[in-house]
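Q: Contents of structure-v4.cif (mmCIF, C-alpha atoms) are given next:
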data_model
loop_
_atom_site.label_atom_id
_atom_site.label_comp_id
_atom_site.auth_asym_id
_atom_site.auth_seq_id
_atom_site.Cartn_x
_atom_site.Cartn_y
_atom_site.Cartn_z
CA MET A 1 -34.71 1.93 -175.44
CA SER A 2 -36.42 0.24 -178.41
CA ASP A 3 -38.83 2.46 -180.33
CA LEU A 4 -41.33 -0.36 -179.84
CA ILE A 5 -41.76 1.27 -176.44
CA SER A 6 -43.66 4.57 -176.46
CA PRO A 7 -42.62 7.40 -174.11
CA GLN A 8 -45.15 7.46 -171.26
CA SER A 9 -45.84 11.12 -171.96
CA SER A 10 -47.12 10.37 -175.48
CA ARG A 11 -48.30 6.81 -175.94
CA GLU A 12 -48.54 5.81 -179.59
CA LYS A 13 -50.63 3.22 -181.36
CA LEU A 14 -48.97 -0.12 -182.07
CA LEU A 15 -50.63 -2.75 -184.26
CA VAL A 16 -49.65 -6.17 -182.87
CA ILE A 17 -50.40 -8.98 -185.33
CA GLN A 18 -50.58 -12.53 -183.94
CA PRO A 19 -52.33 -14.65 -186.59
CA LEU A 20 -52.18 -18.17 -185.14
CA VAL A 21 -55.52 -19.90 -184.75
CA GLY A 22 -55.60 -21.52 -181.29
CA ILE A 23 -56.41 -20.26 -177.82
CA GLY A 24 -53.20 -21.88 -176.58
CA ASP A 25 -51.24 -19.98 -179.23
CA MET A 26 -52.49 -16.68 -177.82
CA VAL A 27 -51.87 -17.76 -174.22
CA TRP A 28 -48.24 -18.46 -175.15
CA HIS A 29 -47.81 -14.92 -176.53
CA LYS A 30 -49.85 -13.19 -173.86
CA PRO A 31 -47.16 -12.05 -171.35
CA TRP A 32 -45.29 -10.12 -174.05
CA ILE A 33 -48.47 -8.59 -175.45
CA ASP A 34 -49.51 -7.65 -171.90
CA TYR A 35 -46.17 -5.89 -171.48
CA LEU A 36 -46.49 -4.03 -174.78
CA CYS A 37 -49.94 -2.85 -173.63
CA THR A 38 -48.30 -1.16 -170.64
CA GLN A 39 -46.09 0.83 -173.00
CA ASN A 40 -48.33 1.51 -176.02
CA ASP A 41 -51.92 1.85 -177.14
CA VAL A 42 -52.18 -1.60 -178.70
CA ILE A 43 -54.52 -2.73 -181.44
CA LEU A 44 -54.39 -6.53 -181.48
CA ALA A 45 -54.99 -8.17 -184.86
CA THR A 46 -55.79 -11.84 -184.43
CA LYS A 47 -58.23 -14.57 -185.39
CA PRO A 48 -61.62 -14.83 -183.67
CA THR A 49 -60.90 -18.44 -182.69
CA VAL A 50 -58.37 -17.32 -180.05
CA GLN A 51 -61.14 -15.54 -178.09
CA ALA A 52 -59.01 -12.43 -177.56
CA PRO A 53 -61.82 -10.34 -176.00
CA VAL A 54 -62.02 -12.90 -173.18
CA LEU A 55 -58.28 -13.53 -172.79
CA PHE A 56 -57.51 -9.80 -172.67
CA ALA A 57 -60.55 -8.68 -170.67
CA ASN A 58 -59.88 -5.49 -168.68
CA THR A 59 -56.36 -5.12 -170.10
CA ASP A 60 -55.23 -1.51 -169.78
CA GLY A 61 -53.55 -0.31 -172.96
CA LEU A 62 -55.43 -2.63 -175.30
CA VAL A 63 -57.53 -0.14 -177.26
CA ASP A 64 -59.01 -2.37 -179.96
CA ILE A 65 -59.12 -5.90 -181.38
CA LEU A 66 -59.06 -6.34 -185.17
CA PRO A 67 -60.39 -9.74 -186.32
CA ILE A 68 -58.29 -11.51 -188.97
CA ASP A 69 -60.72 -13.54 -191.05
CA ARG A 70 -58.59 -16.03 -192.97
CA SER A 71 -57.20 -19.59 -192.85
CA GLN A 72 -59.45 -20.59 -189.98
CA ARG A 73 -59.34 -24.39 -189.95
CA GLY A 74 -60.32 -24.85 -193.57
CA THR A 75 -62.91 -22.09 -193.96
CA ARG A 76 -62.38 -19.08 -196.23
CA GLY A 77 -63.00 -15.58 -194.95
CA ARG A 78 -62.97 -11.94 -195.96
CA HIS A 79 -59.16 -11.72 -195.73
CA ASP A 80 -58.40 -14.78 -197.89
CA GLY A 81 -57.12 -14.57 -201.45
CA TRP A 82 -55.95 -11.46 -203.30
CA ARG A 83 -59.20 -9.57 -202.77
CA GLY A 84 -58.96 -10.44 -199.10
CA PHE A 85 -55.38 -9.17 -199.01
CA TRP A 86 -56.49 -5.71 -200.10
CA GLN A 87 -59.25 -5.79 -197.51
CA LEU A 88 -56.59 -6.63 -194.92
CA VAL A 89 -54.55 -3.63 -196.08
CA ALA A 90 -57.61 -1.40 -195.73
CA ASP A 91 -58.36 -2.76 -192.26
CA PHE A 92 -54.76 -2.21 -191.11
CA LYS A 93 -54.87 1.34 -192.46
CA SER A 94 -58.17 2.04 -190.67
CA THR A 95 -56.54 1.47 -187.27
CA GLY A 96 -54.60 4.73 -187.56
CA ALA A 97 -51.44 3.00 -186.34
CA ARG A 98 -48.11 3.92 -187.89
CA ARG A 99 -46.21 1.06 -186.27
CA ALA A 100 -46.74 -2.69 -186.63
CA LEU A 101 -45.24 -5.75 -184.95
CA ILE A 102 -45.83 -9.15 -186.58
CA LEU A 103 -45.44 -12.08 -184.17
CA HIS A 104 -45.20 -14.60 -186.98
CA HIS A 105 -42.98 -15.36 -189.98
CA SER A 106 -45.60 -14.85 -192.72
CA PRO A 107 -44.66 -12.18 -195.32
CA ARG A 108 -48.36 -11.48 -196.04
CA TYR A 109 -48.93 -9.41 -192.91
CA ALA A 110 -45.66 -7.50 -193.25
CA ASN A 111 -46.48 -6.71 -196.88
CA ALA A 112 -49.98 -5.57 -195.91
CA ALA A 113 -48.55 -3.31 -193.18
CA PHE A 114 -46.12 -1.81 -195.71
CA ILE A 115 -48.83 -1.07 -198.26
CA ALA A 116 -51.08 0.29 -195.50
CA GLY A 117 -48.45 2.98 -194.94
CA MET A 118 -47.07 1.89 -191.61
CA THR A 119 -43.71 3.60 -191.36
CA ALA A 120 -42.18 1.30 -188.73
CA ARG A 121 -42.53 -2.46 -189.14
CA TRP A 122 -41.05 -5.15 -186.88
CA GLY A 123 -41.32 -8.92 -187.22
CA TYR A 124 -39.45 -12.18 -186.98
CA GLY A 125 -37.89 -11.57 -190.40
CA ILE A 126 -37.67 -15.24 -191.28
CA GLY A 127 -37.45 -15.79 -195.05
CA HIS A 128 -39.13 -13.33 -197.42
CA GLN A 129 -40.88 -11.49 -194.59
CA ARG A 130 -37.80 -9.37 -193.94
CA LEU A 131 -38.21 -7.71 -197.35
CA TRP A 132 -41.14 -5.74 -195.89
CA LEU A 133 -39.67 -4.97 -192.47
CA ASN A 134 -37.54 -1.97 -191.58
CA ARG A 135 -37.03 -2.13 -187.83
CA GLY A 136 -35.46 -4.39 -185.24
CA GLN A 137 -33.31 -7.49 -185.06
CA PHE A 138 -34.50 -10.59 -186.89
CA LEU A 139 -34.58 -14.28 -186.00
CA GLU A 140 -32.54 -16.85 -187.87
CA LYS A 141 -34.19 -19.15 -190.42
CA SER A 142 -33.74 -22.07 -188.00
CA ALA A 143 -36.16 -20.37 -185.57
CA ARG A 144 -39.11 -21.14 -187.85
CA LYS A 145 -39.63 -24.53 -186.17
CA MET A 146 -39.14 -23.28 -182.60
CA HIS A 147 -42.01 -23.30 -180.14
CA PRO A 148 -43.74 -19.87 -180.13
CA ILE A 149 -42.62 -19.18 -176.56
CA ALA A 150 -38.98 -19.79 -177.48
CA LYS A 151 -39.34 -17.45 -180.47
CA MET A 152 -40.88 -14.75 -178.28
CA ARG A 153 -38.16 -14.98 -175.63
CA ILE A 154 -35.39 -14.57 -178.19
CA TYR A 155 -37.12 -11.93 -180.29
CA ALA A 156 -38.17 -9.79 -177.31
CA ALA A 157 -34.67 -9.91 -175.83
CA ARG A 158 -33.15 -8.76 -179.12
CA ASN A 159 -35.63 -5.94 -179.58
CA GLY A 160 -35.66 -4.11 -176.30
CA PHE A 161 -38.46 -5.71 -174.31
CA PRO A 162 -36.96 -8.71 -172.49
CA ILE A 163 -39.28 -9.78 -169.69
CA ASP A 164 -39.57 -12.58 -167.19
CA PRO A 165 -42.91 -13.84 -168.54
CA VAL A 166 -45.78 -14.30 -166.13
CA TRP A 167 -48.96 -15.92 -167.36
CA ARG A 168 -52.13 -14.37 -165.94
CA LEU A 169 -55.75 -13.88 -166.93
CA ASN A 170 -58.18 -11.22 -165.81
CA ILE A 171 -61.60 -12.47 -164.74
CA SER A 172 -64.56 -10.13 -164.99
CA PRO A 173 -66.92 -9.57 -162.04
CA ALA A 174 -69.74 -11.01 -164.16
CA ALA A 175 -67.79 -14.23 -164.77
CA ASN A 176 -66.96 -14.54 -161.07
CA LYS A 177 -70.62 -14.12 -160.18
CA ALA A 178 -71.57 -16.75 -162.77
CA ALA A 179 -68.97 -19.12 -161.28
CA ASP A 180 -70.51 -18.69 -157.81
CA GLU A 181 -73.93 -19.49 -159.24
CA PHE A 182 -72.57 -22.50 -161.16
CA MET A 183 -71.00 -24.01 -158.06
CA SER A 184 -74.12 -23.41 -155.98
CA ALA A 185 -76.36 -24.94 -158.65
CA HIS A 186 -74.22 -28.09 -158.74
CA ALA A 187 -73.75 -28.35 -154.96
CA ILE A 188 -69.99 -27.85 -155.16
CA ASN A 189 -69.24 -26.52 -151.70
CA ALA A 190 -65.44 -26.32 -151.86
CA ALA A 191 -63.65 -25.09 -154.96
CA SER A 192 -60.65 -27.24 -154.04
CA ASP A 193 -62.85 -30.32 -154.56
CA MET A 194 -63.56 -29.31 -158.17
CA LEU A 195 -61.35 -31.02 -160.77
CA ILE A 196 -61.80 -29.72 -164.31
CA LEU A 197 -61.39 -32.27 -167.11
CA GLY A 198 -60.60 -30.94 -170.60
CA ILE A 199 -62.16 -33.56 -172.82
CA GLY A 200 -61.65 -32.08 -176.30
CA ALA A 201 -58.82 -30.91 -178.56
CA MET A 202 -58.35 -29.55 -182.05
CA ASP A 203 -57.56 -32.91 -183.70
CA GLU A 204 -58.37 -36.55 -183.07
CA ASP A 205 -54.83 -37.70 -182.26
CA ARG A 206 -54.72 -35.25 -179.34
CA CYS A 207 -57.97 -36.60 -177.86
CA TRP A 208 -57.69 -39.26 -175.18
CA PRO A 209 -60.47 -41.83 -175.71
CA LEU A 210 -63.71 -40.97 -173.94
CA GLU A 211 -64.05 -44.41 -172.39
CA LYS A 212 -60.63 -43.90 -170.77
CA PHE A 213 -61.85 -40.62 -169.30
CA ALA A 214 -64.77 -42.59 -167.81
CA GLU A 215 -62.39 -45.25 -166.47
CA PHE A 216 -60.18 -42.54 -164.97
CA ILE A 217 -63.15 -40.83 -163.27
CA THR A 218 -64.28 -44.16 -161.83
CA SER A 219 -60.81 -44.92 -160.44
CA LEU A 220 -60.43 -41.42 -159.04
CA ALA A 221 -63.81 -41.65 -157.28
CA LYS A 222 -62.59 -44.68 -155.35
CA LYS A 223 -59.39 -42.97 -154.21
CA ARG A 224 -60.68 -39.39 -153.69
CA PRO A 225 -64.46 -39.59 -153.30
CA GLN A 226 -64.71 -35.91 -152.34
CA LEU A 227 -63.51 -34.79 -155.78
CA ILE A 228 -66.14 -33.68 -158.26
CA CYS A 229 -65.10 -33.97 -161.91
CA CYS A 230 -66.39 -31.18 -164.16
CA LEU A 231 -66.31 -32.00 -167.88
CA MET A 232 -65.32 -28.91 -169.84
CA GLY A 233 -65.03 -28.17 -173.54
CA ALA A 234 -66.38 -26.07 -176.37
CA PRO A 235 -70.16 -26.01 -176.99
CA SER A 236 -69.65 -28.27 -180.01
CA GLU A 237 -68.21 -30.91 -177.65
CA GLN A 238 -71.46 -31.47 -175.75
CA PRO A 239 -71.79 -34.99 -177.28
CA LEU A 240 -68.45 -35.92 -175.70
CA VAL A 241 -69.88 -35.23 -172.24
CA GLU A 242 -72.88 -37.42 -172.97
CA THR A 243 -70.64 -40.28 -174.15
CA ILE A 244 -68.48 -40.13 -171.01
CA MET A 245 -71.56 -40.08 -168.78
CA HIS A 246 -72.92 -43.10 -170.66
CA HIS A 247 -69.79 -45.06 -169.71
CA LEU A 248 -69.93 -44.12 -166.01
CA PRO A 249 -71.59 -46.08 -163.18
CA ALA A 250 -74.82 -44.41 -162.09
CA HIS A 251 -73.57 -43.57 -158.58
CA ILE A 252 -70.64 -41.41 -159.72
CA LYS A 253 -71.35 -37.69 -159.83
CA VAL A 254 -69.88 -35.61 -162.64
CA VAL A 255 -70.83 -32.10 -163.74
CA ASN A 256 -71.40 -30.88 -167.27
CA ALA A 257 -69.20 -27.76 -167.49
CA ILE A 258 -69.64 -27.05 -171.21
CA THR A 259 -70.05 -23.29 -171.04
CA LYS A 260 -68.91 -19.93 -172.35
CA LEU A 261 -65.19 -19.31 -172.16
CA ASP A 262 -65.33 -16.47 -169.62
CA LEU A 263 -67.20 -18.65 -167.13
CA GLY A 264 -64.90 -21.56 -167.95
CA ILE A 265 -61.85 -19.47 -167.06
CA ALA A 266 -63.48 -18.35 -163.81
CA LEU A 267 -64.08 -22.01 -162.91
CA LEU A 268 -60.52 -22.97 -163.86
CA ALA A 269 -59.19 -20.23 -161.60
CA ARG A 270 -61.10 -21.67 -158.64
CA ALA A 271 -60.62 -25.38 -159.22
CA GLY A 272 -58.31 -27.70 -157.35
CA GLY A 273 -56.67 -28.64 -160.63
CA PHE A 274 -57.05 -29.58 -164.28
CA VAL A 275 -56.57 -32.82 -166.21
CA GLY A 276 -57.05 -33.06 -169.94
CA ASN A 277 -55.90 -33.17 -173.53
CA ASP A 278 -53.17 -31.03 -175.04
CA SER A 279 -55.47 -28.11 -175.77
CA GLY A 280 -56.27 -24.47 -175.14
CA LEU A 281 -57.94 -25.35 -171.84
CA LEU A 282 -54.71 -26.90 -170.57
CA ASN A 283 -52.88 -23.64 -171.26
CA LEU A 284 -55.67 -21.58 -169.74
CA ALA A 285 -55.61 -23.62 -166.55
CA ALA A 286 -51.86 -23.10 -166.20
CA ALA A 287 -52.28 -19.38 -166.92
CA CYS A 288 -54.83 -19.26 -164.08
CA GLY A 289 -52.13 -20.50 -161.72
CA LYS A 290 -53.59 -23.97 -161.35
CA SER A 291 -51.85 -27.33 -161.43
CA ALA A 292 -52.62 -28.70 -164.88
CA LEU A 293 -51.93 -32.23 -166.11
CA GLY A 294 -51.72 -32.63 -169.88
CA ILE A 295 -52.08 -35.91 -171.76
CA TYR A 296 -49.59 -35.84 -174.64
CA ALA A 297 -49.01 -37.98 -177.71
CA GLN A 298 -48.54 -35.54 -180.63
CA SER A 299 -46.04 -33.11 -179.13
CA ARG A 300 -43.53 -32.92 -176.32
CA PRO A 301 -45.01 -31.91 -172.96
CA LEU A 302 -45.14 -28.19 -172.27
CA ASP A 303 -43.02 -26.91 -169.39
CA TYR A 304 -43.10 -23.12 -169.66
CA THR A 305 -44.58 -22.80 -166.18
CA PRO A 306 -44.22 -24.99 -163.06
CA ASN A 307 -48.01 -25.35 -163.06
CA LEU A 308 -47.77 -27.79 -165.99
CA HIS A 309 -47.50 -31.55 -165.45
CA ALA A 310 -47.65 -34.37 -167.98
CA VAL A 311 -48.47 -37.93 -168.87
CA ALA A 312 -46.95 -38.70 -172.25
CA VAL A 313 -46.07 -41.52 -174.61
CA ASP A 314 -42.44 -42.45 -175.03
CA GLU A 315 -40.52 -39.76 -176.91
CA SER A 316 -39.87 -42.15 -179.80
CA MET A 317 -43.66 -42.46 -180.27
CA ILE A 318 -44.51 -38.75 -180.19
CA GLY A 319 -46.38 -37.64 -183.30
CA LYS A 320 -47.40 -41.09 -184.47
CA PRO A 321 -51.12 -41.65 -185.15
CA GLY A 322 -53.13 -43.46 -182.49
CA GLN A 323 -50.52 -43.24 -179.73
CA ILE A 324 -52.84 -41.33 -177.38
CA LYS A 325 -54.88 -44.54 -177.06
CA THR A 326 -51.95 -46.31 -175.40
CA ILE A 327 -51.99 -44.04 -172.32
CA THR A 328 -53.81 -45.85 -169.54
CA ALA A 329 -56.38 -44.54 -167.09
CA ALA A 330 -54.27 -45.94 -164.25
CA ASP A 331 -51.27 -43.84 -165.30
CA VAL A 332 -53.38 -40.68 -165.57
CA CYS A 333 -54.99 -41.37 -162.19
CA THR A 334 -51.61 -41.86 -160.48
CA ALA A 335 -50.21 -38.70 -162.05
CA THR A 336 -53.31 -36.74 -161.05
CA LEU A 337 -53.08 -37.82 -157.41
CA ASN A 338 -49.37 -36.99 -157.32
CA MET A 339 -50.06 -33.55 -158.82
CA LEU A 340 -52.86 -32.77 -156.36
CA ASP A 341 -50.79 -33.95 -153.40
CA LEU A 342 -47.88 -31.77 -154.50
CA ALA A 343 -50.16 -28.74 -154.89
CA SER A 344 -51.63 -29.37 -151.44
CA SER A 345 -48.22 -29.65 -149.78
CA GLN A 346 -47.01 -26.47 -151.47
CA SER A 347 -50.13 -24.64 -150.31
CA VAL A 348 -49.54 -25.76 -146.74
CA SER A 349 -45.90 -24.65 -146.95
CA VAL A 350 -46.92 -21.18 -148.14
CA LYS A 351 -49.48 -20.80 -145.34
CA THR A 352 -46.93 -21.90 -142.76
CA ALA A 353 -44.37 -19.43 -144.06
CA ILE A 354 -46.88 -16.61 -143.91
#
Can I see the file as structure tokens?
A:
Amino acid sequence: MSDLISPQSSREKLLVIQPLVGIGDMVWHKPWIDYLCTQNDVILATKPTVQAPVLFANTDGLVDILPIDRSQRGTRGRHDGWRGFWQLVADFKSTGARRALILHHSPRYANAAFIAGMTARWGYGIGHQRLWLNRGQFLEKSARKMHPIAKMRIYAARNGFPIDPVWRLNISPAANKAADEFMSAHAINAASDMLILGIGAMDEDRCWPLEKFAEFITSLAKKRPQLICCLMGAPSEQPLVETIMHHLPAHIKVVNAITKLDLGIALLARAGGFVGNDSGLLNLAAACGKSALGIYAQSRPLDYTPNLHAVAVDESMIGKPGQIKTITAADVCTATLNMLDLASSQSVSVKTAI
């Protein structure tokens, strides 16, 4: 047994450091962190942008969340620079943990854990990071460019906690109650008729044009008039909703679903499906067990769960600026209908088997 796993009779603190900035990044790591929480008292060090308190709500074994305040999309924070490094060391030391696991290749966090006096330090060990690590099996240098899920699978298998990852999210009673109230307020009678549209993303080349979203909604309304499209995004993306509504015919009903993340997850868990940009919401929808169609132009389509579906540019065009604009509303509409029909047939098959 790896000493990353505490004996059940005396659970020990484990500082798990996952410093990537996106919600999707944390969703990708979540099954392994969930497992470590069943075996240890975990302090999770991560950036506030990943919304860890929501993603790990009601997670047994997660005893604290330590915010990492640095390199957050161009803004400087209390952990940036050399002064920030020593603050990071002090914050690591304050956790009382003697063991640390760094789910990243950066040497900064391994060095900080070393100086903070953590006697057992695991990490990917790519490049200079391994100078500050003293436990476990490392990844090869070539793993640096692997997708985070691929890194986690290999690293966990080598270090004594191989799992068959299952993506799941806990939804609080308060969020479920708020979802009931949201649906009632917007006259959404059947959750299966609610289609969530993820209209934003972290950079422009991942954002499908808003007028194409409007064209897609119009086409979908003709083919599936019972569906109600709910436009979801971060609070800062409220203007995107207004632009889409401006492009829609007056008779088509859409719902503004810009809301707090915990309510958004509760709605995703109820909805008939999700369609949207390559973003955190896409990963959250899949983690909720829902059929989720991503629109891809900057990266290859995700396939880590059968819940994920895709419309993408040709592989030779992936990563090139402006390619997302070439994906048509007709193609997204066809893929959406196929996805929903498949989900419906699978649901019927399950009910019949039961």
Q: For atom CA of A:Tyr155 and atom CA of A:Pro53, quote the distance in Å rounded to one decimal.
A: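 Taking atom CA of A:Tyr155 as the start and atom CA of A:Pro53 as the end point, the length is 25.1 Å.
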Q: Can you tell me how far atom CA of A:Met232 sits from atom CA of A:Met194, in Å to one decimal?
A: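 Between atom CA of A:Met232 and atom CA of A:Met194 the gap works out to 11.8 Å.
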Q: Grab the atom CA of A:Val42 to atom CA of A:Tyr304 distance for me, in Å with one decimal place.
A: 25.0 Å
Q: Go through A:Phe274, A:Ile5, A:Leu220, A:Ile252 and flag the residue nearest A:Asp331, using all atoms listed in the file for the distances.
A: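 Nearest candidate to A:Asp331 out of A:Phe274, A:Ile5, A:Leu220, A:Ile252: A:Leu220.
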Q: I need the output of the PyMOL selection byres ((chain A and resi 118) around 12) for this file as a VMD selection string; which residues are they?
A: chain A and resid 13 to 15 89 to 90 92 to 101 109 to 117 119 to 122 132 to 135
Q: Quick one: everything within 12 Å of stretch 76-81 of chain A, counting only C-alpha atoms, minus sequence neighbours fewer than 5 positions away in the same chain. Send it as JSON, numbers by chain.
A: {"A": [19, 46, 47, 48, 66, 67, 68, 69, 70, 71, 86, 87, 88, 89, 90, 91, 92, 108, 109, 112]}
Q: Would you save stretch 328-339 of chain A to a file, keeping N, CA, C and O atoms, as a compact mmCIF listing (two decimals), in the first residue's frame?
A:
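Result file follows (decode_25.txt):
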# COMPACT_ATOMS: atom_id res chain seq x y z
N THR A 328 -21.41 25.44 -38.29
CA THR A 328 -22.73 25.97 -38.63
C THR A 328 -23.78 25.62 -37.57
O THR A 328 -23.67 24.61 -36.88
N ALA A 329 -24.81 26.45 -37.52
CA ALA A 329 -25.94 26.17 -36.62
C ALA A 329 -26.65 24.88 -37.02
O ALA A 329 -27.13 24.14 -36.16
N ALA A 330 -26.71 24.61 -38.32
CA ALA A 330 -27.36 23.38 -38.78
C ALA A 330 -26.64 22.14 -38.27
O ALA A 330 -27.28 21.17 -37.84
N ASP A 331 -25.30 22.17 -38.28
CA ASP A 331 -24.54 21.02 -37.79
C ASP A 331 -24.74 20.83 -36.29
O ASP A 331 -24.88 19.70 -35.81
N VAL A 332 -24.76 21.93 -35.54
CA VAL A 332 -24.96 21.82 -34.09
C VAL A 332 -26.38 21.34 -33.79
O VAL A 332 -26.59 20.53 -32.89
N CYS A 333 -27.35 21.80 -34.55
CA CYS A 333 -28.73 21.37 -34.34
C CYS A 333 -28.88 19.88 -34.60
O CYS A 333 -29.49 19.15 -33.81
N THR A 334 -28.32 19.40 -35.71
CA THR A 334 -28.39 17.97 -36.03
C THR A 334 -27.72 17.13 -34.95
O THR A 334 -28.27 16.12 -34.50
N ALA A 335 -26.54 17.55 -34.50
CA ALA A 335 -25.83 16.81 -33.46
C ALA A 335 -26.61 16.81 -32.15
O ALA A 335 -26.63 15.81 -31.42
N THR A 336 -27.25 17.93 -31.84
CA THR A 336 -28.04 18.02 -30.61
C THR A 336 -29.21 17.06 -30.65
O THR A 336 -29.47 16.33 -29.68
N LEU A 337 -29.94 17.04 -31.76
CA LEU A 337 -31.09 16.14 -31.88
C LEU A 337 -30.65 14.68 -31.79
O LEU A 337 -31.30 13.86 -31.12
N ASN A 338 -29.54 14.35 -32.43
CA ASN A 338 -29.02 12.97 -32.36
C ASN A 338 -28.65 12.61 -30.92
O ASN A 338 -28.94 11.50 -30.45
N MET A 339 -28.01 13.55 -30.21
CA MET A 339 -27.62 13.30 -28.83
C MET A 339 -28.85 13.09 -27.95
O MET A 339 -28.89 12.15 -27.13
